[in-house]
Amino acid sequence: MADGRAMTIGLVLKIAVGLVSFVIGAASLIGAIGSLLFVSASDAHIPAMFAAFGAMFLWFTYLLLRQVRWHND
């Protein structure tokens, strides 16, 4: 880019790690929602652990990608 806003290696890595983290977090939350229907009362901790794991990854994604500029002004 001519105006000095080139994508650096750090920005590319931040976006890549953020996207991988988002995919893991979304899959974990989908797994938690899906396992709510098929789990017994004695195994009720399994969906909660999936949900906590997914929420942690989605929070990490937010922290990584909140300062990335996705468009040029």
# chains A, B, ... in the order shown; residues from 1 in each chain; ligands from 1
$ residues_around --residues "Ala48 of chain A" --least-positions-apart "5" --cutoff "10 Å" --atoms "only C-alpha atoms" --output "MDAnalysis selection string"
chainID A and resid 29 32:33 35:36 43 53:54
$ select_by_dssp --residues "segment 12-55 of chain A" --states "alpha helix (DSSP H)" --output "ChimeraX atom specification"
/A:12-36,45-55
$ atom_distance --atom1 "atom CA of Gly18 of chain A" --atom2 "atom CA of Met56 of chain A"
12.4 Å
$ closest_residue --among "A:Gly34, A:Met7, A:Leu13, A:Val23" --to "Phe50 of chain A" --atoms "only C-alpha atoms"
A:Gly34
$ atom_distance --atom1 "atom CA of Gly25 of chain A" --atom2 "atom CA of Leu58 of chain A"
5.2 Å
$ residues_around --residues "segment 62-66 of chain A" --least-positions-apart "2" --cutoff "8 Å" --atoms "only C-alpha atoms" --output "list of chain:residue names"
A:Lys14, A:Ile15, A:Gly18, A:Leu58, A:Trp59, A:Phe60, A:Val68
$ atom_distance --atom1 "atom CA of Ala55 of chain A" --atom2 "atom CA of Ser21 of chain A"
10.5 Å
$ decode --residues "segment 13-29 of chain A" --atoms "all heavy atoms" --output "JSON list (two decimals), in the first residue's frame"
[["chain", "number", "residue", "atom", "x", "y", "z"],
["A", 13, "LEU", "N", -0.14, -12.65, 11.50],
["A", 13, "LEU", "CA", -0.19, -13.69, 12.53],
["A", 13, "LEU", "C", -1.33, -13.47, 13.51],
["A", 13, "LEU", "O", -1.99, -14.42, 13.93],
["A", 13, "LEU", "CB", 1.14, -13.76, 13.28],
["A", 13, "LEU", "CG", 2.30, -14.40, 12.53],
["A", 13, "LEU", "CD1", 3.58, -14.26, 13.33],
["A", 13, "LEU", "CD2", 2.01, -15.83, 12.21],
["A", 14, "LYS", "N", -1.56, -12.21, 13.86],
["A", 14, "LYS", "CA", -2.66, -11.89, 14.78],
["A", 14, "LYS", "C", -4.01, -12.28, 14.17],
["A", 14, "LYS", "O", -4.86, -12.87, 14.83],
["A", 14, "LYS", "CB", -2.65, -10.40, 15.10],
["A", 14, "LYS", "CG", -3.68, -10.00, 16.12],
["A", 14, "LYS", "CD", -3.70, -8.50, 16.32],
["A", 14, "LYS", "CE", -2.68, -8.10, 17.34],
["A", 14, "LYS", "NZ", -2.84, -6.72, 17.79],
["A", 15, "ILE", "N", -4.19, -12.00, 12.89],
["A", 15, "ILE", "CA", -5.44, -12.36, 12.21],
["A", 15, "ILE", "C", -5.57, -13.87, 12.10],
["A", 15, "ILE", "O", -6.65, -14.44, 12.36],
["A", 15, "ILE", "CB", -5.52, -11.67, 10.83],
["A", 15, "ILE", "CG1", -5.68, -10.16, 11.00],
["A", 15, "ILE", "CG2", -6.66, -12.25, 10.01],
["A", 15, "ILE", "CD1", -5.57, -9.38, 9.72],
["A", 16, "ALA", "N", -4.49, -14.56, 11.75],
["A", 16, "ALA", "CA", -4.54, -16.02, 11.61],
["A", 16, "ALA", "C", -4.85, -16.70, 12.94],
["A", 16, "ALA", "O", -5.72, -17.58, 13.00],
["A", 16, "ALA", "CB", -3.20, -16.53, 11.05],
["A", 17, "VAL", "N", -4.18, -16.28, 14.00],
["A", 17, "VAL", "CA", -4.45, -16.88, 15.32],
["A", 17, "VAL", "C", -5.86, -16.53, 15.78],
["A", 17, "VAL", "O", -6.55, -17.36, 16.38],
["A", 17, "VAL", "CB", -3.38, -16.42, 16.34],
["A", 17, "VAL", "CG1", -3.76, -16.83, 17.75],
["A", 17, "VAL", "CG2", -2.03, -16.99, 15.97],
["A", 18, "GLY", "N", -6.32, -15.32, 15.49],
["A", 18, "GLY", "CA", -7.68, -14.92, 15.85],
["A", 18, "GLY", "C", -8.73, -15.76, 15.14],
["A", 18, "GLY", "O", -9.73, -16.15, 15.75],
["A", 19, "LEU", "N", -8.51, -16.03, 13.86],
["A", 19, "LEU", "CA", -9.49, -16.84, 13.12],
["A", 19, "LEU", "C", -9.50, -18.30, 13.61],
["A", 19, "LEU", "O", -10.57, -18.90, 13.74],
["A", 19, "LEU", "CB", -9.20, -16.78, 11.63],
["A", 19, "LEU", "CG", -9.49, -15.43, 10.97],
["A", 19, "LEU", "CD1", -9.09, -15.45, 9.51],
["A", 19, "LEU", "CD2", -10.96, -15.07, 11.11],
["A", 20, "VAL", "N", -8.32, -18.84, 13.88],
["A", 20, "VAL", "CA", -8.27, -20.21, 14.40],
["A", 20, "VAL", "C", -8.94, -20.27, 15.78],
["A", 20, "VAL", "O", -9.71, -21.20, 16.07],
["A", 20, "VAL", "CB", -6.81, -20.70, 14.47],
["A", 20, "VAL", "CG1", -6.69, -21.99, 15.27],
["A", 20, "VAL", "CG2", -6.25, -20.89, 13.08],
["A", 21, "SER", "N", -8.69, -19.27, 16.60],
["A", 21, "SER", "CA", -9.31, -19.22, 17.92],
["A", 21, "SER", "C", -10.83, -19.08, 17.81],
["A", 21, "SER", "O", -11.57, -19.70, 18.59],
["A", 21, "SER", "CB", -8.71, -18.05, 18.70],
["A", 21, "SER", "OG", -9.32, -17.92, 19.95],
["A", 22, "PHE", "N", -11.29, -18.30, 16.86],
["A", 22, "PHE", "CA", -12.74, -18.16, 16.65],
["A", 22, "PHE", "C", -13.37, -19.48, 16.25],
["A", 22, "PHE", "O", -14.44, -19.85, 16.75],
["A", 22, "PHE", "CB", -13.03, -17.09, 15.60],
["A", 22, "PHE", "CG", -14.49, -16.98, 15.28],
["A", 22, "PHE", "CD1", -15.34, -16.31, 16.13],
["A", 22, "PHE", "CD2", -15.01, -17.56, 14.14],
["A", 22, "PHE", "CE1", -16.69, -16.23, 15.85],
["A", 22, "PHE", "CE2", -16.35, -17.47, 13.85],
["A", 22, "PHE", "CZ", -17.20, -16.80, 14.70],
["A", 23, "VAL", "N", -12.72, -20.19, 15.34],
["A", 23, "VAL", "CA", -13.26, -21.48, 14.89],
["A", 23, "VAL", "C", -13.33, -22.48, 16.05],
["A", 23, "VAL", "O", -14.34, -23.17, 16.21],
["A", 23, "VAL", "CB", -12.41, -22.03, 13.72],
["A", 23, "VAL", "CG1", -12.76, -23.47, 13.41],
["A", 23, "VAL", "CG2", -12.59, -21.16, 12.49],
["A", 24, "ILE", "N", -12.29, -22.55, 16.87],
["A", 24, "ILE", "CA", -12.30, -23.46, 18.01],
["A", 24, "ILE", "C", -13.39, -23.06, 19.01],
["A", 24, "ILE", "O", -14.12, -23.91, 19.52],
["A", 24, "ILE", "CB", -10.91, -23.49, 18.68],
["A", 24, "ILE", "CG1", -9.89, -24.13, 17.76],
["A", 24, "ILE", "CG2", -10.97, -24.26, 20.01],
["A", 24, "ILE", "CD1", -8.47, -24.02, 18.25],
["A", 25, "GLY", "N", -13.52, -21.76, 19.28],
["A", 25, "GLY", "CA", -14.53, -21.30, 20.22],
["A", 25, "GLY", "C", -15.95, -21.55, 19.73],
["A", 25, "GLY", "O", -16.82, -22.00, 20.49],
["A", 26, "ALA", "N", -16.19, -21.27, 18.45],
["A", 26, "ALA", "CA", -17.53, -21.51, 17.89],
["A", 26, "ALA", "C", -17.86, -23.00, 17.89],
["A", 26, "ALA", "O", -18.99, -23.39, 18.22],
["A", 26, "ALA", "CB", -17.61, -20.93, 16.49],
["A", 27, "ALA", "N", -16.90, -23.83, 17.52],
["A", 27, "ALA", "CA", -17.14, -25.28, 17.52],
["A", 27, "ALA", "C", -17.41, -25.79, 18.93],
["A", 27, "ALA", "O", -18.26, -26.67, 19.13],
["A", 27, "ALA", "CB", -15.95, -26.01, 16.91],
["A", 28, "SER", "N", -16.72, -25.25, 19.91],
["A", 28, "SER", "CA", -16.95, -25.67, 21.29],
["A", 28, "SER", "C", -18.35, -25.29, 21.77],
["A", 28, "SER", "O", -19.02, -26.07, 22.44],
["A", 28, "SER", "CB", -15.91, -25.06, 22.21],
["A", 28, "SER", "OG", -14.64, -25.55, 21.91],
["A", 29, "LEU", "N", -18.78, -24.07, 21.43],
["A", 29, "LEU", "CA", -20.13, -23.67, 21.84],
["A", 29, "LEU", "C", -21.20, -24.47, 21.12],
["A", 29, "LEU", "O", -22.22, -24.83, 21.72],
["A", 29, "LEU", "CB", -20.33, -22.18, 21.59],
["A", 29, "LEU", "CG", -19.61, -21.26, 22.56],
["A", 29, "LEU", "CD1", -19.90, -19.80, 22.22],
["A", 29, "LEU", "CD2", -20.02, -21.55, 23.98]]
